[in-house]
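Novice: Input coords_38.csv, format and content: CSV, C-alpha atoms.
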```
chain,number,residue,atom,x,y,z
L,1,MET,CA,-13.5,-14.6,20.2
L,2,ARG,CA,-14.5,-11.8,22.5
L,3,ASP,CA,-17.9,-10.9,23.7
L,4,HIS,CA,-17.9,-7.2,22.8
L,5,GLY,CA,-21.4,-6.0,21.8
L,6,SER,CA,-22.3,-8.9,19.7
L,7,VAL,CA,-19.1,-10.5,18.7
L,8,ARG,CA,-19.5,-13.6,16.8
L,9,CYS,CA,-17.2,-16.0,15.0
L,10,VAL,CA,-18.7,-17.6,12.0
L,11,ALA,CA,-17.5,-20.9,10.7
L,12,ALA,CA,-19.0,-20.4,7.3
L,13,ALA,CA,-16.4,-21.7,4.9
L,14,VAL,CA,-19.0,-21.6,2.2
L,15,LEU,CA,-19.5,-17.9,2.7
L,16,LEU,CA,-15.8,-17.2,2.7
L,17,ALA,CA,-15.4,-19.1,-0.6
L,18,LEU,CA,-18.3,-17.1,-2.0
L,19,VAL,CA,-16.9,-13.8,-1.0
L,20,LEU,CA,-13.3,-14.6,-2.0
L,21,GLY,CA,-14.6,-15.4,-5.4
L,22,SER,CA,-15.9,-11.9,-5.7
L,23,ALA,CA,-12.4,-10.4,-5.7
L,24,ALA,CA,-12.8,-9.0,-9.1
L,25,VAL,CA,-15.8,-7.0,-8.1
L,26,LEU,CA,-14.1,-4.6,-5.8
L,27,GLY,CA,-11.0,-2.7,-6.6
L,28,GLN,CA,-10.5,-3.5,-10.2
L,29,GLY,CA,-12.8,-0.8,-11.5
L,30,GLU,CA,-11.8,2.1,-13.6
L,31,ASN,CA,-10.7,4.2,-10.6
L,32,SER,CA,-8.8,1.6,-8.7
L,33,LEU,CA,-5.2,2.1,-7.9
L,34,THR,CA,-4.2,-1.1,-9.6
L,35,ALA,CA,-5.5,-1.9,-13.0
L,36,PRO,CA,-5.7,-4.9,-15.2
L,37,ASP,CA,-3.5,-4.2,-18.2
L,38,VAL,CA,-6.0,-3.8,-21.0
L,39,LYS,CA,-3.9,-1.5,-23.0
L,40,SER,CA,-1.4,-4.0,-24.3
L,41,ALA,CA,-3.1,-4.3,-27.7
L,42,ARG,CA,-3.0,-0.6,-28.4
L,43,ARG,CA,0.6,0.2,-29.3
L,44,GLU,CA,1.0,3.8,-29.8
L,45,ALA,CA,4.6,5.0,-29.8
L,46,ALA,CA,5.9,6.6,-26.7
L,47,PRO,CA,5.9,10.3,-26.8
L,48,ARG,CA,9.2,12.1,-27.0
L,49,ALA,CA,10.5,15.1,-25.3
L,50,ALA,CA,11.9,18.1,-27.0
L,51,ASP,CA,15.4,16.8,-26.7
L,52,GLY,CA,14.4,13.6,-28.5
L,53,HIS,CA,14.4,11.2,-25.6
L,54,PRO,CA,11.3,9.3,-24.7
L,55,ASP,CA,9.1,11.2,-22.3
L,56,LEU,CA,8.5,9.1,-19.2
L,57,SER,CA,6.1,11.6,-17.8
L,58,GLY,CA,2.7,10.3,-16.7
L,59,TYR,CA,0.6,8.8,-14.0
L,60,TRP,CA,1.5,5.1,-13.7
L,61,LYS,CA,-0.4,2.3,-12.1
L,62,GLY,CA,0.7,-1.1,-11.1
L,63,THR,CA,-1.0,-3.9,-13.0
L,64,THR,CA,-2.6,-7.1,-11.7
L,65,ASP,CA,0.1,-9.0,-13.6
L,66,THR,CA,2.6,-7.9,-10.9
L,67,THR,CA,2.6,-10.4,-8.1
L,68,PRO,CA,3.5,-10.5,-5.3
L,69,VAL,CA,3.5,-6.7,-4.9
L,70,GLY,CA,5.7,-5.3,-2.2
L,71,ASN,CA,8.2,-8.2,-2.4
L,72,ILE,CA,11.6,-7.4,-3.8
L,73,GLY,CA,12.1,-11.1,-4.4
L,74,LYS,CA,9.2,-11.2,-6.8
L,75,ASP,CA,11.4,-12.4,-9.7
L,76,LEU,CA,13.3,-15.0,-7.7
L,77,GLU,CA,12.5,-18.7,-7.4
L,78,GLY,CA,10.3,-19.1,-4.4
L,79,PHE,CA,10.8,-15.4,-3.7
L,80,LYS,CA,13.9,-16.5,-1.9
L,81,LEU,CA,16.4,-13.7,-1.4
L,82,PRO,CA,20.1,-14.7,-1.3
L,83,LEU,CA,20.8,-13.3,2.2
L,84,THR,CA,24.2,-13.4,3.7
L,85,ALA,CA,24.5,-14.3,7.4
L,86,ALA,CA,24.4,-10.6,8.2
L,87,GLY,CA,21.5,-10.2,5.9
L,88,GLU,CA,19.5,-13.0,7.6
L,89,ALA,CA,20.3,-11.4,11.0
L,90,ALA,CA,19.1,-8.0,9.7
L,91,LEU,CA,15.9,-9.6,8.4
L,92,GLN,CA,15.2,-11.2,11.7
L,93,HIS,CA,15.8,-7.9,13.4
L,94,ASN,CA,13.3,-6.2,11.1
L,95,LEU,CA,10.7,-8.9,11.6
L,96,THR,CA,11.0,-9.0,15.4
L,97,ALA,CA,12.2,-5.6,16.5
L,98,THR,CA,11.1,-2.9,14.0
L,99,ILE,CA,7.8,-1.4,12.9
L,100,ASP,CA,7.4,-0.9,9.2
L,101,PRO,CA,9.1,2.5,8.6
L,102,GLU,CA,6.6,3.5,5.9
L,103,SER,CA,3.7,3.0,8.4
L,104,LEU,CA,5.5,5.5,10.6
L,105,CYS,CA,5.5,7.9,7.7
L,106,ILE,CA,9.2,7.5,7.0
L,107,ILE,CA,10.2,7.6,3.3
L,108,GLY,CA,10.3,4.1,1.8
L,109,GLY,CA,13.1,4.9,-0.6
L,110,ILE,CA,14.4,3.0,-3.5
L,111,PRO,CA,13.9,0.2,-4.5
L,112,ARG,CA,11.0,-0.1,-2.2
L,113,HIS,CA,8.8,2.5,-4.0
L,114,ASN,CA,9.3,0.6,-7.2
L,115,ALA,CA,7.9,-2.5,-5.6
L,116,SER,CA,4.9,-0.7,-4.1
L,117,GLY,CA,1.3,-1.2,-5.3
L,118,LEU,CA,0.6,2.5,-5.2
L,119,PRO,CA,0.6,4.6,-8.4
L,120,PHE,CA,3.2,7.3,-9.0
L,121,GLU,CA,3.8,10.2,-11.3
L,122,VAL,CA,6.8,11.1,-13.4
L,123,LEU,CA,7.6,14.6,-14.5
L,124,GLN,CA,10.5,14.7,-16.9
L,125,GLY,CA,12.7,17.6,-17.8
L,126,ALA,CA,15.8,17.8,-19.8
L,127,LYS,CA,18.1,18.0,-16.8
L,128,LYS,CA,16.0,16.5,-14.1
L,129,VAL,CA,13.3,13.9,-13.7
L,130,ALA,CA,10.9,13.9,-10.7
L,131,PHE,CA,9.2,10.8,-9.3
L,132,LEU,CA,6.2,11.8,-7.3
L,133,TYR,CA,4.8,9.2,-4.9
L,134,TRP,CA,1.5,8.5,-3.3
L,135,TYR,CA,2.5,9.6,0.2
L,136,SER,CA,3.5,13.0,-1.1
L,137,TYR,CA,7.1,12.0,-1.2
L,138,PHE,CA,9.3,12.8,-4.2
L,139,ARG,CA,12.7,12.2,-5.6
L,140,LEU,CA,14.4,14.6,-7.9
L,141,VAL,CA,17.0,12.9,-10.1
L,142,PRO,CA,19.6,14.9,-12.0
L,143,ILE,CA,20.2,13.8,-15.6
L,144,ASP,CA,23.8,14.5,-16.2
L,145,PRO,CA,26.2,12.0,-17.9
L,146,LYS,CA,29.2,13.9,-16.6
L,147,ARG,CA,28.2,13.8,-13.0
L,148,ALA,CA,29.9,11.3,-10.7
L,149,HIS,CA,28.9,10.1,-7.3
L,150,SER,CA,30.2,12.0,-4.3
L,151,GLU,CA,33.2,10.6,-2.4
L,152,ASP,CA,31.1,10.2,0.8
L,153,PRO,CA,27.4,11.0,0.1
L,154,ASP,CA,25.2,11.8,3.0
L,155,PRO,CA,23.0,8.8,3.6
L,156,SER,CA,19.4,9.1,2.5
L,157,PHE,CA,16.4,7.0,1.8
L,158,PHE,CA,16.5,7.4,-1.9
L,159,GLY,CA,20.3,7.6,-2.0
L,160,GLU,CA,22.4,9.8,-4.1
L,161,GLU,CA,20.8,9.3,-7.5
L,162,ILE,CA,22.4,10.3,-10.8
L,163,GLY,CA,20.6,9.8,-14.1
L,164,HIS,CA,21.8,9.6,-17.7
L,165,TRP,CA,20.4,8.4,-21.0
L,166,GLU,CA,21.7,5.3,-22.8
L,167,GLY,CA,19.8,5.5,-26.0
L,168,ASP,CA,16.1,5.4,-25.1
L,169,THR,CA,16.8,4.1,-21.6
L,170,LEU,CA,17.0,6.4,-18.6
L,171,VAL,CA,19.6,4.9,-16.2
L,172,ILE,CA,19.5,6.0,-12.6
L,173,ASP,CA,22.5,4.9,-10.5
L,174,SER,CA,22.1,5.3,-6.7
L,175,ILE,CA,24.4,4.8,-3.7
L,176,GLY,CA,24.6,6.4,-0.3
L,177,PHE,CA,21.6,4.8,1.4
L,178,LYS,CA,20.6,4.8,5.0
L,179,ASP,CA,20.9,1.6,6.9
L,180,GLU,CA,18.4,2.2,9.7
L,181,LYS,CA,14.6,2.6,9.6
L,182,VAL,CA,14.7,1.1,6.2
L,183,TRP,CA,12.9,-2.0,4.8
L,184,ILE,CA,13.8,-2.8,1.2
L,185,ASP,CA,10.2,-3.9,0.7
L,186,GLU,CA,6.9,-4.4,2.5
L,187,ASN,CA,8.0,-7.8,3.6
L,188,ALA,CA,10.6,-6.3,5.9
L,189,ASN,CA,13.6,-7.6,3.9
L,190,PRO,CA,16.7,-5.6,4.7
L,191,HIS,CA,19.3,-3.5,3.0
L,192,SER,CA,22.5,-2.0,4.3
L,193,ASP,CA,24.4,1.1,3.6
L,194,ALA,CA,26.3,-0.8,0.9
L,195,LEU,CA,23.2,-0.8,-1.3
L,196,HIS,CA,23.8,0.1,-4.9
L,197,VAL,CA,20.7,0.3,-7.2
L,198,VAL,CA,20.8,0.7,-10.9
L,199,GLU,CA,17.3,1.4,-12.5
L,200,ARG,CA,16.9,1.2,-16.2
L,201,TRP,CA,13.7,3.0,-17.2
L,202,THR,CA,12.0,2.7,-20.6
L,203,ARG,CA,8.7,3.6,-22.1
L,204,PRO,CA,8.1,0.7,-24.6
L,205,ASP,CA,4.9,2.4,-25.8
L,206,ALA,CA,2.6,5.3,-24.9
L,207,ASP,CA,0.7,3.3,-22.3
L,208,HIS,CA,3.5,1.6,-20.4
L,209,ILE,CA,6.6,2.3,-18.4
L,210,HIS,CA,9.1,-0.4,-17.4
L,211,VAL,CA,12.0,-0.7,-15.1
L,212,GLU,CA,14.8,-3.2,-14.9
L,213,THR,CA,16.5,-2.9,-11.6
L,214,LEU,CA,19.8,-4.2,-10.4
L,215,ILE,CA,20.2,-4.4,-6.7
L,216,GLU,CA,23.6,-5.0,-5.2
L,217,ASP,CA,24.3,-5.1,-1.5
L,218,ALA,CA,27.3,-7.2,-0.7
L,219,LYS,CA,26.8,-6.9,3.1
L,220,PHE,CA,23.3,-8.5,3.1
L,221,TYR,CA,23.1,-10.4,-0.2
L,222,THR,CA,25.5,-13.0,-1.6
L,223,ARG,CA,24.9,-11.9,-5.2
L,224,PRO,CA,23.1,-9.1,-7.1
L,225,ILE,CA,19.4,-9.5,-7.6
L,226,THR,CA,17.1,-8.1,-10.2
L,227,TYR,CA,13.6,-6.7,-10.1
L,228,SER,CA,11.6,-6.0,-13.3
L,229,ARG,CA,8.2,-4.4,-13.5
L,230,THR,CA,5.8,-2.7,-16.0
L,231,TRP,CA,3.2,-0.1,-15.1
L,232,VAL,CA,0.2,1.0,-17.2
L,233,ALA,CA,-0.8,4.6,-17.8
L,234,GLY,CA,-3.7,5.9,-15.8
L,235,LYS,CA,-6.6,7.8,-17.3
L,236,PRO,CA,-5.9,11.4,-18.3
L,237,ASP,CA,-7.8,12.8,-15.3
L,238,GLU,CA,-6.0,10.6,-12.8
L,239,GLU,CA,-3.3,12.3,-10.7
L,240,LEU,CA,-1.8,12.3,-7.3
L,241,HIS,CA,-3.5,14.1,-4.4
L,242,GLU,CA,-2.4,15.3,-1.0
L,243,TYR,CA,-1.7,12.6,1.4
L,244,SER,CA,-0.5,13.8,4.8
L,245,CYS,CA,0.8,10.6,6.4
L,246,SER,CA,1.3,11.8,9.9
L,247,GLU,CA,-1.9,13.8,10.0
L,248,ASN,CA,-3.6,11.2,12.2
L,249,ASN,CA,-1.4,8.2,12.5
L,250,VAL,CA,-3.3,6.3,15.2
L,251,ASP,CA,-1.6,3.2,14.0
L,252,LYS,CA,1.8,4.1,15.3
L,253,ASP,CA,0.7,3.2,18.8
L,254,HIS,CA,-0.8,-0.1,17.9
L,255,LEU,CA,1.4,-1.6,15.2
L,256,GLY,CA,3.4,-4.7,16.0
L,257,PHE,CA,6.9,-5.5,14.8
L,258,GLY,CA,7.4,-6.8,11.3
L,259,PRO,CA,4.7,-7.1,8.6
L,260,GLY,CA,2.9,-10.1,10.2
L,261,PRO,CA,2.8,-13.5,8.5
L,262,ILE,CA,4.0,-13.9,4.9
L,263,ARG,CA,1.9,-16.3,2.8
L,264,PRO,CA,3.5,-18.9,0.5
L,265,ASP,CA,2.6,-16.7,-2.4
L,266,GLY,CA,4.9,-14.0,-1.1
L,267,THR,CA,2.2,-11.6,0.1
L,268,ARG,CA,1.5,-10.4,3.5
L,269,GLY,CA,-1.4,-11.5,5.6
L,270,TYR,CA,-3.1,-14.4,7.3
L,271,LEU,CA,-3.6,-17.5,5.2
L,272,ASN,CA,-7.0,-18.4,6.7
L,273,PRO,CA,-8.4,-15.4,8.5
L,274,ALA,CA,-11.6,-16.0,10.5
L,275,PRO,CA,-14.6,-15.0,8.4
L,276,LEU,CA,-16.6,-12.0,9.5
L,277,PRO,CA,-20.1,-12.4,10.8
L,278,PRO,CA,-22.5,-12.8,7.9
L,279,PRO,CA,-23.9,-9.6,6.5
L,280,LEU,CA,-27.1,-8.4,8.1
L,281,PRO,CA,-30.2,-8.9,6.0
L,282,LYS,CA,-31.5,-5.8,4.3
L,283,PRO,CA,-34.4,-4.2,6.2
L,284,ALA,CA,-37.8,-4.5,4.5
L,285,ARG,CA,-38.9,-1.3,2.9
T,1,MET,CA,-14.7,17.2,2.2
T,2,ARG,CA,-15.2,14.0,0.3
T,3,LEU,CA,-16.0,10.9,2.2
T,4,PRO,CA,-14.8,7.4,2.1
T,5,ILE,CA,-16.1,3.9,2.1
T,6,ALA,CA,-17.4,1.9,-0.8
T,7,ILE,CA,-20.9,0.7,-1.1
T,8,PHE,CA,-21.3,-2.7,-2.5
T,9,ALA,CA,-23.8,-5.5,-2.4
T,10,ALA,CA,-24.2,-7.5,0.8
T,11,SER,CA,-23.4,-10.6,-1.2
T,12,VAL,CA,-19.9,-9.3,-1.9
T,13,GLY,CA,-18.8,-8.8,1.7
T,14,LEU,CA,-15.2,-9.7,1.5
T,15,THR,CA,-12.6,-10.0,-1.3
T,16,ALA,CA,-9.3,-11.8,-1.8
T,17,PRO,CA,-6.0,-10.2,-1.1
T,18,SER,CA,-5.2,-7.4,-3.4
T,19,PRO,CA,-2.0,-6.7,-5.3
T,20,LEU,CA,-1.9,-3.3,-3.8
T,21,ALA,CA,0.2,-2.0,-1.0
T,22,ALA,CA,-1.3,-0.1,1.9
T,23,HIS,CA,0.1,2.2,4.5
T,24,HIS,CA,0.6,-0.8,6.7
T,25,SER,CA,0.1,-4.5,6.6
T,26,PHE,CA,-3.2,-5.6,8.1
T,27,ALA,CA,-1.4,-8.4,9.9
T,28,ALA,CA,1.0,-6.1,11.5
T,29,GLU,CA,-1.8,-4.5,13.6
T,30,PHE,CA,-4.9,-6.7,13.6
T,31,ASP,CA,-5.6,-10.3,14.6
T,32,GLY,CA,-7.0,-12.3,11.7
T,33,SER,CA,-8.4,-14.9,14.1
T,34,LYS,CA,-10.5,-12.3,16.0
T,35,ALA,CA,-13.3,-11.4,13.8
T,36,MET,CA,-16.0,-9.5,15.6
T,37,ARG,CA,-19.1,-7.5,15.3
T,38,LEU,CA,-19.8,-4.2,17.1
T,39,THR,CA,-23.1,-2.4,17.4
T,40,GLY,CA,-22.8,1.1,18.6
T,41,VAL,CA,-23.6,4.8,18.4
T,42,LEU,CA,-21.4,6.9,16.2
T,43,THR,CA,-19.9,9.7,18.3
T,44,LYS,CA,-17.0,11.1,16.1
T,45,ILE,CA,-15.7,10.8,12.6
T,46,GLU,CA,-12.2,11.6,11.4
T,47,TRP,CA,-11.7,11.8,7.6
T,48,THR,CA,-7.9,11.8,7.8
T,49,ASN,CA,-4.8,10.2,6.4
T,50,PRO,CA,-3.4,7.7,6.6
T,51,HIS,CA,-6.7,6.2,7.7
T,52,SER,CA,-10.2,7.4,8.4
T,53,TYR,CA,-11.6,6.7,11.9
T,54,PHE,CA,-15.0,6.6,13.4
T,55,TYR,CA,-15.8,6.2,17.0
T,56,LEU,CA,-18.6,4.2,18.6
T,57,ASP,CA,-20.1,4.0,22.0
T,58,VAL,CA,-20.9,0.3,22.5
T,59,SER,CA,-23.0,-1.0,25.3
T,60,GLU,CA,-21.2,-3.9,27.0
T,61,GLY,CA,-22.6,-5.4,30.1
T,62,GLY,CA,-24.4,-2.2,31.1
T,63,ASN,CA,-21.4,0.0,30.5
T,64,ILE,CA,-20.6,2.2,27.6
T,65,VAL,CA,-17.3,1.3,26.0
T,66,LYS,CA,-15.7,3.6,23.5
T,67,TRP,CA,-14.4,1.8,20.4
T,68,THR,CA,-12.2,3.1,17.6
T,69,CYS,CA,-12.9,1.8,14.1
T,70,GLU,CA,-10.2,2.1,11.5
T,71,ALA,CA,-11.2,2.4,7.8
T,72,GLY,CA,-9.5,3.2,4.6
T,73,ALA,CA,-8.0,6.6,3.7
T,74,PRO,CA,-10.4,9.2,2.6
T,75,GLY,CA,-9.2,9.1,-0.9
T,76,ALA,CA,-9.8,5.4,-1.1
T,77,LEU,CA,-13.2,5.6,0.3
T,78,SER,CA,-14.3,8.5,-1.8
T,79,ARG,CA,-13.1,6.6,-4.9
T,80,ARG,CA,-15.5,3.8,-3.9
T,81,GLY,CA,-18.4,6.3,-4.2
T,82,PHE,CA,-19.3,6.9,-0.6
T,83,LYS,CA,-21.2,10.1,-0.3
T,84,LYS,CA,-20.9,12.8,2.3
T,85,GLY,CA,-23.7,12.3,4.7
T,86,ASP,CA,-23.8,8.6,4.6
T,87,LEU,CA,-22.6,8.7,8.2
T,88,LYS,CA,-24.2,11.0,10.8
T,89,LEU,CA,-23.3,11.4,14.4
T,90,GLY,CA,-25.8,9.5,16.5
T,91,ASP,CA,-26.3,6.8,13.9
T,92,THR,CA,-26.3,3.3,15.2
T,93,LEU,CA,-23.8,1.3,13.1
T,94,VAL,CA,-23.0,-2.3,12.9
T,95,VAL,CA,-19.3,-2.8,12.3
T,96,ASP,CA,-17.7,-6.1,11.3
T,97,GLY,CA,-14.0,-6.3,11.6
T,98,TYR,CA,-10.9,-7.6,13.3
T,99,LEU,CA,-9.6,-6.8,16.8
T,100,ALA,CA,-6.2,-5.1,17.2
T,101,LYS,CA,-3.4,-7.5,18.2
T,102,ASP,CA,-2.6,-5.3,21.2
T,103,GLY,CA,-6.0,-6.0,22.6
T,104,SER,CA,-7.1,-2.3,22.7
T,105,HIS,CA,-10.6,-1.2,21.8
T,106,LEU,CA,-9.6,-0.8,18.2
T,107,ILE,CA,-10.9,-2.7,15.2
T,108,ASP,CA,-10.2,-2.7,11.5
T,109,ALA,CA,-13.6,-2.0,10.1
T,110,ARG,CA,-13.9,-4.2,7.1
T,111,ARG,CA,-17.7,-3.9,6.7
T,112,VAL,CA,-20.1,-1.3,8.0
T,113,THR,CA,-23.8,-1.6,8.0
T,114,LEU,CA,-25.6,1.7,8.0
T,115,PRO,CA,-28.9,2.4,9.7
T,116,ASP,CA,-30.8,2.1,6.3
T,117,GLY,CA,-29.3,-1.4,5.8
T,118,ARG,CA,-26.7,-0.4,3.2
T,119,ILE,CA,-23.4,-2.2,3.6
T,120,VAL,CA,-20.2,-0.3,2.9
T,121,SER,CA,-16.6,-1.5,2.9
T,122,GLY,CA,-14.2,0.3,5.2
T,123,ALA,CA,-11.3,-2.0,4.3
T,124,SER,CA,-7.9,-0.4,3.8
T,125,ALA,CA,-6.9,-1.0,0.2
T,126,GLY,CA,-4.4,-3.7,-0.4
T,127,ASP,CA,-3.3,-4.2,3.2
T,128,GLY,CA,-3.4,-8.0,2.8
T,129,GLY,CA,-6.5,-8.3,5.1
T,130,PRO,CA,-9.9,-9.7,4.1
T,131,GLY,CA,-11.7,-7.2,2.0
T,132,GLY,CA,-8.5,-5.2,1.4
T,133,ALA,CA,-8.6,-5.6,-2.4
T,134,GLY,CA,-8.8,-2.8,-4.7
T,135,GLN,CA,-8.8,0.8,-3.8
```
Hey, can you dump this file as C-alpha cells for me?
Specialist:
Amino acid sequence: MRDHGSVRCVAAAVLLALVLGSAAVLGQGENSLTAPDVKSARREAAPRAADGHPDLSGYWKGTTDTTPVGNIGKDLEGFKLPLTAAGEAALQHNLTATIDPESLCIIGGIPRHNASGLPFEVLQGAKKVAFLYWYSYFRLVPIDPKRAHSEDPDPSFFGEEIGHWEGDTLVIDSIGFKDEKVWIDENANPHSDALHVVERWTRPDADHIHVETLIEDAKFYTRPITYSRTWVAGKPDEELHEYSCSENNVDKDHLGFGPGPIRPDGTRGYLNPAPLPPPLPKPAR
Amino acid sequence: MRLPIAIFAASVGLTAPSPLAAHHSFAAEFDGSKAMRLTGVLTKIEWTNPHSYFYLDVSEGGNIVKWTCEAGAPGALSRRGFKKGDLKLGDTLVVDGYLAKDGSHLIDARRVTLPDGRIVSGASAGDGGPGGAGQ
C-alpha cells in the first residue's frame, strides 16, 4: 500500500461481503447493458421479413444467464478448451506477450464478438445481414446459397463470411481469419488462420435471438468446440451509439500482457481484491 | 455533452463481478492488491471513449503530484444518471480506486466522493474489477 494522499488499506471483510451482496443493485436496471431475462414467459412469435424468413433485426442484450461471459469455453466442462500443443503455446504467448487486441481498438472478430457482454444490433435484408457492434464495428454478411468461399480469401478479423437460410435458421459460414492480433475471447484464448466458424442463428420468439456456434481450428484445438448463447431484446428505444475507441486510449500505454488472472469461474479478475477504503460519512446538512 | 458516473448510496460501494465485457480487463491494467484513496483538486476532465478521465492535483509531502483517474465510458456513466455539472474544475474530490500495475500515477476510480458528499461510481462496466458490475 502506498502513501499517496491518504492511501489506506482496509481489512474490512465484513464491508466487502456487504457490498458484494449488493451486486444486484447496480447494473441490472432497465438501462443496463446486460439484462436478466424477464421476457421468457411472453412468447410472441418472431416477426418475419417480406421474404418469409424470420427477421433477426433488433437490439440484442446478453442475459445474466450467460456465464462466464467472454470465455469461448463457456459450454465446456471446467471451461477447459481442447488445445493442441501449438494451441497451448499460442495461449501462453497471448498471456505473456500480447496486449488484448480489443483494448488496442482492434476488431475482436468472430467468434469473440458473440462471446462479448456488450449488446449488438442486427439489421437484416434479403441479400445481406449486418451485425453492428458496440465499438462501432460491423460485419456485413451476404446471404447467398450459391456463393462459395474464395480459393484464398484475404485474412480478416471477421473472416470471409457467407450466409444462407436453412429453414428458419440463418447459417453463416466463415473462413479466412487473421492469426495475429487476435484473441478468440476475452480470456486470451487463441485461434489460428485455420479457424472455421459456423454460426446458426435463430429467433425462437420475438424477444430472443440464439446462436449455435461450431468452432473448428485443427491447428490449435484437438476437436471442434461449440458455443451456444441466447440474447434478449432491448427496449424499443435502446440502440447503439457512437463509440470511438481510439479517441483517447490512455490505456494502451499502461496495459499489461494478457487479461490478468482468470478466476475458477472462468471470469477475469482478482479473486480477493483488497477492499477500498470505507465510504466517507455524508456531511451533516 | 452527457456526463458519466452513477450515483448510488454510500452503503452500496462495490459490487460483484459483472457478466459484462469491458474495453479491457481490470486486472490487465490495475493491481487489485493496491487499493488507495486520493484527495485532490480537479484540474481537467475528459469525457471520452473508451474511458472518461479526470485529473487531480494531489498534495504529497509538500509537493503537488498530478494523478490520472480512469472512469467508465461516457455512455456508461450517463446511463447511471450522472448529471452534467456534478464535477467542476477546482472541486476537491476523494477518489477511491486501484493503482496501475505499471506504478504510474494512474488509478482506476471505482468510487468518487463529490464535495457535497455524494458518492458516485466511476467503475468501468464489466471489467472484472470491484464495482465493475452493470453498465
Novice: Give as a ChimeraX atom specification every residue, naming chains and numbers as the document does, that has an atom within 12 Å of (-0.9, 18.8, 0.2), counting all atoms listed in the file.
Specialist: /L:134-137,240-245,247 /T:49
Novice: If I put a ball of radius 12 Å at (-23.7, 1.0, 8.6) in the file's coordinates, which residues poke into it when counting only C-alpha atoms, written as number ranges by chain?
Specialist: L: 279-280, 282; T: 5-8, 10, 37-42, 54, 56, 82, 85-96, 109-122
Novice: Report, in Å with one decimal, the straight-line distance from CA of His51 (chain T) to CA of Asn187 (chain L).
Specialist: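 A separation of 20.7 Å between them.
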Novice: Between CA of Arg263 (chain L) and CA of Asp31 (chain T), measure the distance and give it in Å to one decimal.
Specialist: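 Those two atoms sit 15.2 Å apart.
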Novice: May I have the residues within 10 Å of Glu166 (chain L) as a list of chain:residue names, using only C-alpha atoms and disregarding those fewer than 3 positions away in the same chain?
Specialist: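 Surrounding residues, per the criterion: L:His53, L:Pro145, L:Gly163, L:Thr169, L:Leu170, L:Val171, L:Arg200.
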Novice: So how many Å separate CA of Val250 (chain L) and CA of Tyr53 (chain T), to one decimal?
Specialist: 8.9 Å
Novice: When you look at region 115-127 of chain L with a cut-off of 8 Å (counting all atoms listed in the file), what residues show up, excluding the ones that are within fewer than 3 positions of it in the same chain? I need them as a VMD selection string.
Specialist: (chain L and resid 33 to 34 51 55 to 62 69 to 72 111 to 112 130 to 134 142 to 144 185 to 186 239 to 240) or (chain T and resid 19 to 22 126)
Novice: Return the single residue from T:Ile107, T:Ala125, T:Leu99, T:Val58 that is closest to Ala76 (chain T), with distances computed using only C-alpha atoms.
Specialist: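 Using only C-alpha atoms, the shortest distance to Ala76 (chain T) belongs to T:Ala125.
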Novice: Could you rebuild region 95-106 of chain T with N, CA and C atoms and give me the result as a short mmCIF file (atom, residue, chain, number, x, y, z; two decimals), keeping the file's coordinate frame?
Specialist:
```
data_model
loop_
_atom_site.label_atom_id
_atom_site.label_comp_id
_atom_site.auth_asym_id
_atom_site.auth_seq_id
_atom_site.Cartn_x
_atom_site.Cartn_y
_atom_site.Cartn_z
N VAL T 95 -20.61 -2.73 12.86
CA VAL T 95 -19.30 -2.80 12.30
C VAL T 95 -18.71 -4.17 12.43
N ASP T 96 -18.34 -4.77 11.32
CA ASP T 96 -17.70 -6.10 11.30
C ASP T 96 -16.23 -5.89 11.01
N GLY T 97 -15.38 -6.45 11.82
CA GLY T 97 -14.00 -6.30 11.60
C GLY T 97 -13.12 -7.17 12.44
N TYR T 98 -11.87 -6.77 12.61
CA TYR T 98 -10.90 -7.60 13.30
C TYR T 98 -10.26 -6.77 14.44
N LEU T 99 -10.09 -7.41 15.57
CA LEU T 99 -9.60 -6.80 16.80
C LEU T 99 -8.05 -6.48 16.61
N ALA T 100 -7.61 -5.36 17.17
CA ALA T 100 -6.20 -5.10 17.20
C ALA T 100 -5.43 -6.12 17.98
N LYS T 101 -4.23 -6.43 17.52
CA LYS T 101 -3.40 -7.50 18.20
C LYS T 101 -3.04 -7.06 19.59
N ASP T 102 -2.94 -5.76 19.86
CA ASP T 102 -2.60 -5.30 21.20
C ASP T 102 -3.74 -5.35 22.17
N GLY T 103 -4.90 -5.77 21.69
CA GLY T 103 -6.00 -6.00 22.60
C GLY T 103 -6.79 -4.68 22.93
N SER T 104 -6.37 -3.56 22.38
CA SER T 104 -7.10 -2.30 22.70
C SER T 104 -8.43 -2.28 21.99
N HIS T 105 -9.22 -1.31 22.33
CA HIS T 105 -10.60 -1.20 21.80
C HIS T 105 -10.49 -0.57 20.39
N LEU T 106 -9.81 -1.24 19.52
CA LEU T 106 -9.60 -0.80 18.20
C LEU T 106 -9.85 -1.94 17.21
#
```
